[in-house]
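> Input my_file.pdb, format and content: PDB, C-alpha atoms and all ligand atoms.
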MODEL        1
ATOM      1  CA  MET A   1     174.063 107.884  28.585  1.00  0.00           C
ATOM      2  CA  THR A   2     172.236 104.735  27.573  1.00  0.00           C
ATOM      3  CA  LEU A   3     170.010 102.967  30.060  1.00  0.00           C
ATOM      4  CA  PRO A   4     169.512  99.247  30.639  1.00  0.00           C
ATOM      5  CA  ILE A   5     166.925  97.951  28.144  1.00  0.00           C
ATOM      6  CA  LEU A   6     163.740  96.206  29.208  1.00  0.00           C
ATOM      7  CA  TYR A   7     161.768  94.248  26.644  1.00  0.00           C
ATOM      8  CA  SER A   8     158.285  93.955  27.989  1.00  0.00           C
ATOM      9  CA  PHE A   9     154.683  93.200  27.118  1.00  0.00           C
ATOM     10  CA  ARG A  10     152.038  95.107  29.032  1.00  0.00           C
ATOM     11  CA  ARG A  11     149.668  92.285  30.012  1.00  0.00           C
ATOM     12  CA  CYS A  12     152.231  89.530  30.575  1.00  0.00           C
ATOM     13  CA  PRO A  13     152.224  88.561  34.266  1.00  0.00           C
ATOM     14  CA  TYR A  14     155.948  87.785  34.195  1.00  0.00           C
ATOM     15  CA  ALA A  15     156.675  91.201  32.696  1.00  0.00           C
ATOM     16  CA  ILE A  16     154.361  92.833  35.242  1.00  0.00           C
ATOM     17  CA  ARG A  17     156.292  91.332  38.152  1.00  0.00           C
ATOM     18  CA  ALA A  18     159.573  92.576  36.676  1.00  0.00           C
ATOM     19  CA  ARG A  19     158.141  96.064  36.072  1.00  0.00           C
ATOM     20  CA  MET A  20     156.734  96.199  39.612  1.00  0.00           C
ATOM     21  CA  ALA A  21     160.217  95.514  40.985  1.00  0.00           C
ATOM     22  CA  ILE A  22     161.712  98.153  38.671  1.00  0.00           C
ATOM     23  CA  ILE A  23     159.158 100.719  39.842  1.00  0.00           C
ATOM     24  CA  ARG A  24     159.572  99.856  43.536  1.00  0.00           C
ATOM     25  CA  CYS A  25     163.286 100.576  43.483  1.00  0.00           C
ATOM     26  CA  LYS A  26     163.114 103.372  40.896  1.00  0.00           C
ATOM     27  CA  TYR A  27     165.481 101.494  38.622  1.00  0.00           C
ATOM     28  CA  GLU A  28     165.693 103.320  35.311  1.00  0.00           C
ATOM     29  CA  VAL A  29     165.262 101.454  32.059  1.00  0.00           C
ATOM     30  CA  GLU A  30     164.569 102.102  28.430  1.00  0.00           C
ATOM     31  CA  HIS A  31     161.193 100.451  28.056  1.00  0.00           C
ATOM     32  CA  ARG A  32     160.694  98.586  24.792  1.00  0.00           C
ATOM     33  CA  GLU A  33     157.142  97.384  24.356  1.00  0.00           C
ATOM     34  CA  VAL A  34     156.927  94.298  22.172  1.00  0.00           C
ATOM     35  CA  LEU A  35     154.164  92.358  20.488  1.00  0.00           C
ATOM     36  CA  LEU A  36     154.752  88.647  21.024  1.00  0.00           C
ATOM     37  CA  ARG A  37     153.858  87.863  17.412  1.00  0.00           C
ATOM     38  CA  GLU A  38     156.363  90.451  16.155  1.00  0.00           C
ATOM     39  CA  ARG A  39     159.373  90.121  18.442  1.00  0.00           C
ATOM     40  CA  PRO A  40     162.177  92.565  17.660  1.00  0.00           C
ATOM     41  CA  LYS A  41     165.316  91.194  16.033  1.00  0.00           C
ATOM     42  CA  HIS A  42     167.538  92.649  18.742  1.00  0.00           C
ATOM     43  CA  MET A  43     165.518  90.951  21.475  1.00  0.00           C
ATOM     44  CA  MET A  44     165.778  87.590  19.697  1.00  0.00           C
ATOM     45  CA  GLU A  45     169.507  88.084  19.240  1.00  0.00           C
ATOM     46  CA  ILE A  46     170.173  88.704  22.913  1.00  0.00           C
ATOM     47  CA  SER A  47     167.566  86.183  24.134  1.00  0.00           C
ATOM     48  CA  PRO A  48     166.745  83.527  21.541  1.00  0.00           C
ATOM     49  CA  LYS A  49     164.194  81.825  23.800  1.00  0.00           C
ATOM     50  CA  GLY A  50     161.919  84.701  22.874  1.00  0.00           C
ATOM     51  CA  THR A  51     160.032  85.260  26.114  1.00  0.00           C
ATOM     52  CA  VAL A  52     159.435  88.548  27.896  1.00  0.00           C
ATOM     53  CA  PRO A  53     160.600  90.161  30.071  1.00  0.00           C
ATOM     54  CA  VAL A  54     164.254  90.548  29.079  1.00  0.00           C
ATOM     55  CA  LEU A  55     166.604  93.002  30.731  1.00  0.00           C
ATOM     56  CA  GLN A  56     169.895  93.922  29.097  1.00  0.00           C
ATOM     57  CA  LEU A  57     172.343  95.746  31.345  1.00  0.00           C
ATOM     58  CA  GLN A  58     174.762  98.412  30.142  1.00  0.00           C
ATOM     59  CA  ASN A  59     177.635  95.918  30.283  1.00  0.00           C
ATOM     60  CA  GLY A  60     175.744  93.615  27.919  1.00  0.00           C
ATOM     61  CA  THR A  61     174.601  91.082  30.524  1.00  0.00           C
ATOM     62  CA  VAL A  62     171.194  89.663  29.655  1.00  0.00           C
ATOM     63  CA  ILE A  63     168.703  88.603  32.303  1.00  0.00           C
ATOM     64  CA  GLU A  64     165.899  86.656  30.693  1.00  0.00           C
ATOM     65  CA  GLU A  65     163.905  85.297  33.637  1.00  0.00           C
ATOM     66  CA  SER A  66     161.417  87.561  35.391  1.00  0.00           C
ATOM     67  CA  LEU A  67     162.353  86.389  38.888  1.00  0.00           C
ATOM     68  CA  GLU A  68     166.031  86.958  38.207  1.00  0.00           C
ATOM     69  CA  ILE A  69     165.234  90.481  37.013  1.00  0.00           C
ATOM     70  CA  MET A  70     163.405  91.068  40.304  1.00  0.00           C
ATOM     71  CA  GLU A  71     166.295  89.656  42.317  1.00  0.00           C
ATOM     72  CA  TYR A  72     168.813  91.743  40.402  1.00  0.00           C
ATOM     73  CA  VAL A  73     167.122  95.142  40.533  1.00  0.00           C
ATOM     74  CA  LEU A  74     165.916  94.730  44.105  1.00  0.00           C
ATOM     75  CA  ASP A  75     169.128  93.116  45.318  1.00  0.00           C
ATOM     76  CA  TRP A  76     166.819  90.474  46.732  1.00  0.00           C
ATOM     77  CA  GLN A  77     167.314  86.787  47.308  1.00  0.00           C
ATOM     78  CA  LEU A  78     164.269  84.653  47.795  1.00  0.00           C
ATOM     79  CA  THR A  79     164.110  82.766  51.046  1.00  0.00           C
ATOM     80  CA  ASP A  80     163.273  79.063  50.887  1.00  0.00           C
ATOM     81  CA  GLU A  81     159.716  79.855  51.918  1.00  0.00           C
ATOM     82  CA  GLU A  82     159.337  82.547  49.251  1.00  0.00           C
ATOM     83  CA  ARG A  83     160.734  80.154  46.660  1.00  0.00           C
ATOM     84  CA  TYR A  84     158.144  77.567  47.696  1.00  0.00           C
ATOM     85  CA  TRP A  85     155.301  80.002  46.965  1.00  0.00           C
ATOM     86  CA  VAL A  86     156.748  81.352  43.730  1.00  0.00           C
ATOM     87  CA  GLU A  87     157.371  77.849  42.438  1.00  0.00           C
ATOM     88  CA  ARG A  88     153.818  76.817  43.240  1.00  0.00           C
ATOM     89  CA  ASN A  89     152.627  79.938  41.466  1.00  0.00           C
ATOM     90  CA  ASP A  90     154.783  79.474  38.379  1.00  0.00           C
ATOM     91  CA  ASN A  91     154.205  75.750  38.036  1.00  0.00           C
ATOM     92  CA  GLU A  92     151.041  74.443  39.686  1.00  0.00           C
ATOM     93  CA  PHE A  93     148.899  77.591  39.535  1.00  0.00           C
ATOM     94  CA  LYS A  94     150.046  78.768  36.089  1.00  0.00           C
ATOM     95  CA  PHE A  95     149.424  75.297  34.647  1.00  0.00           C
ATOM     96  CA  HIS A  96     145.792  75.322  35.765  1.00  0.00           C
ATOM     97  CA  LEU A  97     145.324  79.019  34.997  1.00  0.00           C
ATOM     98  CA  ASP A  98     146.289  78.492  31.342  1.00  0.00           C
ATOM     99  CA  ARG A  99     143.897  75.563  31.006  1.00  0.00           C
ATOM    100  CA  TYR A 100     141.110  77.458  32.746  1.00  0.00           C
ATOM    101  CA  LYS A 101     141.573  80.516  30.496  1.00  0.00           C
ATOM    102  CA  TYR A 102     142.361  78.843  27.187  1.00  0.00           C
ATOM    103  CA  PRO A 103     140.896  75.292  27.224  1.00  0.00           C
ATOM    104  CA  ASN A 104     140.802  75.268  23.400  1.00  0.00           C
ATOM    105  CA  ARG A 105     144.567  75.429  23.207  1.00  0.00           C
ATOM    106  CA  TYR A 106     144.830  72.004  24.810  1.00  0.00           C
ATOM    107  CA  ASP A 107     143.459  68.575  24.053  1.00  0.00           C
ATOM    108  CA  ASP A 108     140.685  67.253  26.184  1.00  0.00           C
ATOM    109  CA  VAL A 109     140.653  69.908  28.862  1.00  0.00           C
ATOM    110  CA  ASP A 110     137.773  70.729  31.172  1.00  0.00           C
ATOM    111  CA  HIS A 111     138.155  74.355  32.227  1.00  0.00           C
ATOM    112  CA  VAL A 112     135.979  73.982  35.323  1.00  0.00           C
ATOM    113  CA  ASN A 113     138.166  71.160  36.572  1.00  0.00           C
ATOM    114  CA  HIS A 114     141.243  73.325  36.091  1.00  0.00           C
ATOM    115  CA  ARG A 115     139.553  76.229  37.839  1.00  0.00           C
ATOM    116  CA  SER A 116     138.993  73.940  40.860  1.00  0.00           C
ATOM    117  CA  GLN A 117     142.601  72.786  40.753  1.00  0.00           C
ATOM    118  CA  ALA A 118     143.822  76.394  40.594  1.00  0.00           C
ATOM    119  CA  CYS A 119     141.683  77.211  43.617  1.00  0.00           C
ATOM    120  CA  LYS A 120     143.819  74.981  45.855  1.00  0.00           C
ATOM    121  CA  PHE A 121     146.649  77.470  45.472  1.00  0.00           C
ATOM    122  CA  LEU A 122     144.324  80.447  45.899  1.00  0.00           C
ATOM    123  CA  ILE A 123     142.851  79.047  49.104  1.00  0.00           C
ATOM    124  CA  ASP A 124     146.369  78.539  50.473  1.00  0.00           C
ATOM    125  CA  ILE A 125     147.245  82.103  49.479  1.00  0.00           C
ATOM    126  CA  ASP A 126     144.102  83.340  51.202  1.00  0.00           C
ATOM    127  CA  GLU A 127     145.480  81.833  54.413  1.00  0.00           C
ATOM    128  CA  ASN A 128     149.049  83.042  53.823  1.00  0.00           C
ATOM    129  CA  ILE A 129     148.799  86.451  52.171  1.00  0.00           C
ATOM    130  CA  PRO A 130     152.145  87.175  50.507  1.00  0.00           C
ATOM    131  CA  LYS A 131     154.001  90.348  51.367  1.00  0.00           C
ATOM    132  CA  GLY A 132     156.479  92.672  49.702  1.00  0.00           C
ATOM    133  CA  ASN A 133     158.423  91.355  46.737  1.00  0.00           C
ATOM    134  CA  LEU A 134     156.768  87.954  47.011  1.00  0.00           C
ATOM    135  CA  SER A 135     153.399  89.614  46.695  1.00  0.00           C
ATOM    136  CA  ASP A 136     154.509  91.415  43.528  1.00  0.00           C
ATOM    137  CA  SER A 137     155.714  88.158  42.040  1.00  0.00           C
ATOM    138  CA  ILE A 138     152.340  86.448  42.529  1.00  0.00           C
ATOM    139  CA  PHE A 139     149.505  88.980  42.225  1.00  0.00           C
ATOM    140  CA  PRO A 140     149.827  89.483  38.413  1.00  0.00           C
ATOM    141  CA  PHE A 141     148.871  85.820  37.938  1.00  0.00           C
ATOM    142  CA  VAL A 142     145.972  86.007  40.395  1.00  0.00           C
ATOM    143  CA  ARG A 143     144.815  89.129  38.521  1.00  0.00           C
ATOM    144  CA  GLN A 144     144.621  87.081  35.316  1.00  0.00           C
ATOM    145  CA  PHE A 145     142.639  84.372  37.061  1.00  0.00           C
ATOM    146  CA  ALA A 146     140.235  86.906  38.583  1.00  0.00           C
ATOM    147  CA  ASN A 147     139.743  88.797  35.317  1.00  0.00           C
ATOM    148  CA  HIS A 148     138.755  85.678  33.427  1.00  0.00           C
ATOM    149  CA  ASP A 149     135.424  85.493  35.245  1.00  0.00           C
ATOM    150  CA  ARG A 150     135.249  88.393  37.643  1.00  0.00           C
ATOM    151  CA  GLU A 151     131.744  87.616  38.800  1.00  0.00           C
ATOM    152  CA  TRP A 152     132.663  84.074  39.787  1.00  0.00           C
ATOM    153  CA  PHE A 153     135.876  85.205  41.473  1.00  0.00           C
ATOM    154  CA  ASP A 154     134.016  87.858  43.472  1.00  0.00           C
ATOM    155  CA  SER A 155     131.358  85.361  44.561  1.00  0.00           C
ATOM    156  CA  GLN A 156     133.956  83.209  46.370  1.00  0.00           C
ATOM    157  CA  THR A 157     134.588  83.491  50.087  1.00  0.00           C
ATOM    158  CA  TRP A 158     138.344  84.114  49.977  1.00  0.00           C
ATOM    159  CA  GLU A 159     138.030  87.534  51.604  1.00  0.00           C
ATOM    160  CA  ASN A 160     141.718  88.016  52.400  1.00  0.00           C
ATOM    161  CA  LEU A 161     142.644  87.146  48.845  1.00  0.00           C
ATOM    162  CA  LYS A 162     140.094  89.560  47.363  1.00  0.00           C
ATOM    163  CA  GLN A 163     141.253  92.372  49.629  1.00  0.00           C
ATOM    164  CA  TRP A 164     144.917  91.652  48.859  1.00  0.00           C
ATOM    165  CA  LEU A 165     144.309  91.612  45.118  1.00  0.00           C
ATOM    166  CA  GLU A 166     142.272  94.801  45.264  1.00  0.00           C
ATOM    167  CA  SER A 167     144.937  96.670  47.212  1.00  0.00           C
ATOM    168  CA  ASN A 168     147.551  95.601  44.654  1.00  0.00           C
ATOM    169  CA  LEU A 169     145.395  96.583  41.696  1.00  0.00           C
ATOM    170  CA  THR A 170     144.604 100.020  43.115  1.00  0.00           C
ATOM    171  CA  SER A 171     148.164 100.880  44.143  1.00  0.00           C
ATOM    172  CA  ASP A 172     149.951 103.825  42.523  1.00  0.00           C
ATOM    173  CA  GLU A 173     152.815 101.487  41.609  1.00  0.00           C
ATOM    174  CA  PHE A 174     150.511  99.152  39.708  1.00  0.00           C
ATOM    175  CA  LYS A 175     148.933 102.086  37.875  1.00  0.00           C
ATOM    176  CA  GLU A 176     152.391 103.227  36.849  1.00  0.00           C
ATOM    177  CA  CYS A 177     153.259  99.669  35.862  1.00  0.00           C
ATOM    178  CA  MET A 178     150.283  99.482  33.490  1.00  0.00           C
ATOM    179  CA  ILE A 179     150.906 102.768  31.667  1.00  0.00           C
ATOM    180  CA  LYS A 180     150.538 102.073  27.953  1.00  0.00           C
ATOM    181  CA  HIS A 181     153.622 102.271  25.751  1.00  0.00           C
ATOM    182  CA  PRO A 182     153.523 102.253  21.972  1.00  0.00           C
ATOM    183  CA  GLN A 183     155.095  99.233  20.295  1.00  0.00           C
ATOM    184  CA  TRP A 184     158.883  99.658  20.046  1.00  0.00           C
ATOM    185  CA  LYS A 185     160.157  99.412  16.495  1.00  0.00           C
ATOM    186  CA  GLN A 186     163.732  98.763  15.588  1.00  0.00           C
ATOM    187  CA  GLU A 187     165.170 101.404  13.249  1.00  0.00           C
TER     188      GLU A 187
HETATM  189  N1  LIG A 201     160.027  81.884  32.853  1.00  0.00           N
HETATM  190  C1  LIG A 201     159.844  83.079  32.094  1.00  0.00           C
HETATM  191  C2  LIG A 201     158.483  83.029  31.416  1.00  0.00           C
HETATM  192  C3  LIG A 201     158.157  84.253  30.591  1.00  0.00           C
HETATM  193  C4  LIG A 201     157.004  84.006  29.628  1.00  0.00           C
HETATM  194  O1  LIG A 201     156.595  82.858  29.373  1.00  0.00           O
HETATM  195  N2  LIG A 201     156.448  85.096  29.073  1.00  0.00           N
HETATM  196  C5  LIG A 201     155.422  84.918  28.059  1.00  0.00           C
HETATM  197  C6  LIG A 201     154.484  86.105  27.958  1.00  0.00           C
HETATM  198  S1  LIG A 201     153.378  86.185  29.321  1.00  0.00           S
HETATM  199  C7  LIG A 201     156.084  84.840  26.707  1.00  0.00           C
HETATM  200  O2  LIG A 201     157.003  85.571  26.426  1.00  0.00           O
HETATM  201  N3  LIG A 201     155.583  83.946  25.864  1.00  0.00           N
HETATM  202  C8  LIG A 201     156.053  83.855  24.517  1.00  0.00           C
HETATM  203  C9  LIG A 201     156.374  82.469  24.141  1.00  0.00           C
HETATM  204  O3  LIG A 201     156.426  81.613  25.022  1.00  0.00           O
HETATM  205  O4  LIG A 201     156.603  82.245  22.962  1.00  0.00           O
HETATM  206  C10 LIG A 201     159.999  84.276  33.017  1.00  0.00           C
HETATM  207  O5  LIG A 201     159.746  84.132  34.214  1.00  0.00           O
HETATM  208  O6  LIG A 201     160.414  85.363  32.566  1.00  0.00           O
ENDMDL
END
If you convert what's in this file into structure tokens, what do you get?

Amino acid sequence: MTLPILYSFRRCPYAIRARMAIIRCKYEVEHREVLLRERPKHMMEISPKGTVPVLQLQNGTVIEESLEIMEYVLDWQLTDEERYWVERNDNEFKFHLDRYKYPNRYDDVDHVNHRSQACKFLIDIDENIPKGNLSDSIFPFVRQFANHDREWFDSQTWENLKQWLESNLTSDEFKECMIKHPQWKQE
């Protein structure tokens, strides 16, 4: 019997949130690890926008947004409050995170300014630690922020945030989520 297919990229925070949901509910998939510079033809056929993750169900349905994959496999519907936090994460925080991490990809960007802007979200998270599925949808992005300059991140006073991130990064589910897969190649 064929399984649903998941196109994924190990370090992508969107793919991580989808994989965390898949692991939490023991949903079985055929994992296809892709390189973003060498996207498989089949993936581009079913999802021409070319982003990961993509989940293709046995009946052919394609789900090409990470949050929708989470909602589908977990049978979860975000509450208005959860949506508020995820939208801030995916828009406001991600915008500043990208410019903090990769200032050279943009014109006229000061990475320290964007780090400060990103911190507004992190300080709010520190005061409202996300739980459950919401937590899984946000921590992969905070992980990226923290990894960019670990020393600086650790020197900040957001103790709840640091503890929350640490407990996510040391969980058995996250370890399973980050197991390395060889690149999938179409035959
Ligand atoms: N809104 C999408 C965003 C996914 C996304 O941007 N993934 C990145 C990798 S981290 C990607 O595939 N980038 C390739 C590209 O944009 O060309 C989702 O939530 O699934």
> Using all atoms listed in the file, can you tell me which of A:Trp85, A:Tyr102, A:Phe141, A:Trp152 comes closest to Arg11 (chain A)?
A:Phe141
> Which protein, DNA or RNA residues have an atom within 8 Å of ligand LIG 201 (chain A), counting all atoms listed in the file, as a list in words?
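Checked against 8 Å with all atoms listed in the file; the hits are Phe9, Arg11, Cys12, Pro13, Tyr14, Ala15, Leu36, Lys49, Gly50, Thr51, Val52, Pro53, Val54, Glu64, Glu65, Ser66, Leu67, Glu68 and Asp90 of chain A.
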> Rank nothing, just name the residue among A:Glu45, A:Glu38, A:Asp136, A:Glu151 nearest to Phe174 (chain A), using all atoms listed in the file.
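Answer, going by the shortest atom-to-atom distance: A:Asp136.
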> Taking 3 positions as the minimum chain separation for residues in the same chain, which residues sit within 12 Å of Phe153 (chain A) when counting all atoms listed in the file? Answer as JSON, numbers by chain.
{"A": [115, 116, 118, 119, 122, 142, 143, 144, 145, 146, 147, 148, 149, 150, 156, 157, 158, 159, 161, 162, 165]}
> Suppose you want the space between CA of Lys180 (chain A) and CA of Thr2 (chain A); what is it in Å?
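Interatomic distance here is 21.9 Å.
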> Check which residues satisfy the PyMOL selection byres (((chain A and resi 5) around 9) and not hetatm) in the file shown, then give them as a list in words.
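Written out, the selection comes to Thr2, Leu3, Pro4, Leu6, Tyr7, Val29, Glu30, His31, Arg32, Val54, Leu55, Gln56, Leu57 and Gln58 of chain A.
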> May I ask for the distance between CA of Gln117 (chain A) and CA of Glu92 (chain A), given in Å to one decimal place?
8.7 Å
> Show me the residues close to (142.2, 70.8, 36.9) - anything with an atom within 12 Å, counting all atoms listed in the file - and format the list as a PyMOL selection string.
chain A and resi 92-101+103+108-121
> Where does region 96-185 of chain A meet region 39-44 of chain A within 12 Å, residue by residue, with the nearest atom pair and distance in Å to one decimal for each, counting only C-alpha atoms, listed by chain and rising number, as a Markdown table?

| residue | atom | partner | partner_atom | distance |
| --- | --- | --- | --- | --- |
| A:Gln183 | CA | A:Pro40 | CA | 10.1 |
| A:Trp184 | CA | A:Pro40 | CA | 8.2 |
| A:Lys185 | CA | A:Pro40 | CA | 7.2 |
> On this file, the PyMOL selection byres (((chain A and resi 177) around 10) and not hetatm) gives some set of residues; write that set as a JSON list (two decimals) with C-alpha atoms, in the coordinates of the input.

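The resulting file, result_29.json, is reproduced below:
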[["chain", "number", "residue", "atom", "x", "y", "z"],
["A", 10, "ARG", "CA", 152.04, 95.11, 29.03],
["A", 15, "ALA", "CA", 156.68, 91.20, 32.70],
["A", 16, "ILE", "CA", 154.36, 92.83, 35.24],
["A", 17, "ARG", "CA", 156.29, 91.33, 38.15],
["A", 18, "ALA", "CA", 159.57, 92.58, 36.68],
["A", 19, "ARG", "CA", 158.14, 96.06, 36.07],
["A", 20, "MET", "CA", 156.73, 96.20, 39.61],
["A", 21, "ALA", "CA", 160.22, 95.51, 40.98],
["A", 22, "ILE", "CA", 161.71, 98.15, 38.67],
["A", 23, "ILE", "CA", 159.16, 100.72, 39.84],
["A", 24, "ARG", "CA", 159.57, 99.86, 43.54],
["A", 171, "SER", "CA", 148.16, 100.88, 44.14],
["A", 172, "ASP", "CA", 149.95, 103.82, 42.52],
["A", 173, "GLU", "CA", 152.82, 101.49, 41.61],
["A", 174, "PHE", "CA", 150.51, 99.15, 39.71],
["A", 175, "LYS", "CA", 148.93, 102.09, 37.88],
["A", 176, "GLU", "CA", 152.39, 103.23, 36.85],
["A", 178, "MET", "CA", 150.28, 99.48, 33.49],
["A", 179, "ILE", "CA", 150.91, 102.77, 31.67],
["A", 180, "LYS", "CA", 150.54, 102.07, 27.95]]
> Using only C-alpha atoms, find the one residue out of A:Ile46, A:Leu169, A:Leu74, A:Ile125 that sits nearest to Lys26 (chain A).
A:Leu74
> For the atom pair CA of Gly132 (chain A) and CA of Asp75 (chain A), what is the interatomic distance in Å to one decimal place?
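Between these atoms lies a distance of 13.4 Å.
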> If you apply the PyMOL selection byres (((chain A and resi 135) around 10) and not hetatm) to this file, what residues do you get, as an mmCIF file with C-alpha atoms, in the coordinates of the input?

data_model
loop_
_atom_site.group_PDB
_atom_site.id
_atom_site.type_symbol
_atom_site.label_atom_id
_atom_site.label_comp_id
_atom_site.auth_asym_id
_atom_site.auth_seq_id
_atom_site.Cartn_x
_atom_site.Cartn_y
_atom_site.Cartn_z
ATOM 1 C CA ARG A 17 156.292 91.332 38.152
ATOM 2 C CA GLU A 82 159.337 82.547 49.251
ATOM 3 C CA TRP A 85 155.301 80.002 46.965
ATOM 4 C CA VAL A 86 156.748 81.352 43.730
ATOM 5 C CA ILE A 129 148.799 86.451 52.171
ATOM 6 C CA PRO A 130 152.145 87.175 50.507
ATOM 7 C CA LYS A 131 154.001 90.348 51.367
ATOM 8 C CA GLY A 132 156.479 92.672 49.702
ATOM 9 C CA ASN A 133 158.423 91.355 46.737
ATOM 10 C CA LEU A 134 156.768 87.954 47.011
ATOM 11 C CA ASP A 136 154.509 91.415 43.528
ATOM 12 C CA SER A 137 155.714 88.158 42.040
ATOM 13 C CA ILE A 138 152.340 86.448 42.529
ATOM 14 C CA PHE A 139 149.505 88.980 42.225
ATOM 15 C CA PRO A 140 149.827 89.483 38.413
ATOM 16 C CA TRP A 164 144.917 91.652 48.859
ATOM 17 C CA LEU A 165 144.309 91.612 45.118
ATOM 18 C CA ASN A 168 147.551 95.601 44.654
#
> Of the candidates A:Asn128, A:Ser47, A:Asn104, A:Asn160, which shows the shortest atom-to-atom distance to Glu81 (chain A), using all atoms listed in the file?
A:Asn128
> As lines of an AutoDock Vina configuration file, please report the centre and edge lengths, rounded to one decimal in Å, of the axis-aligned box that holds all listed atoms of region 5-22 of chain A with 3 Å of padding on each of the six sides.

center_x = 158.3
center_y = 93.0
center_z = 33.8
size_x = 23.3
size_y = 16.4
size_z = 20.3
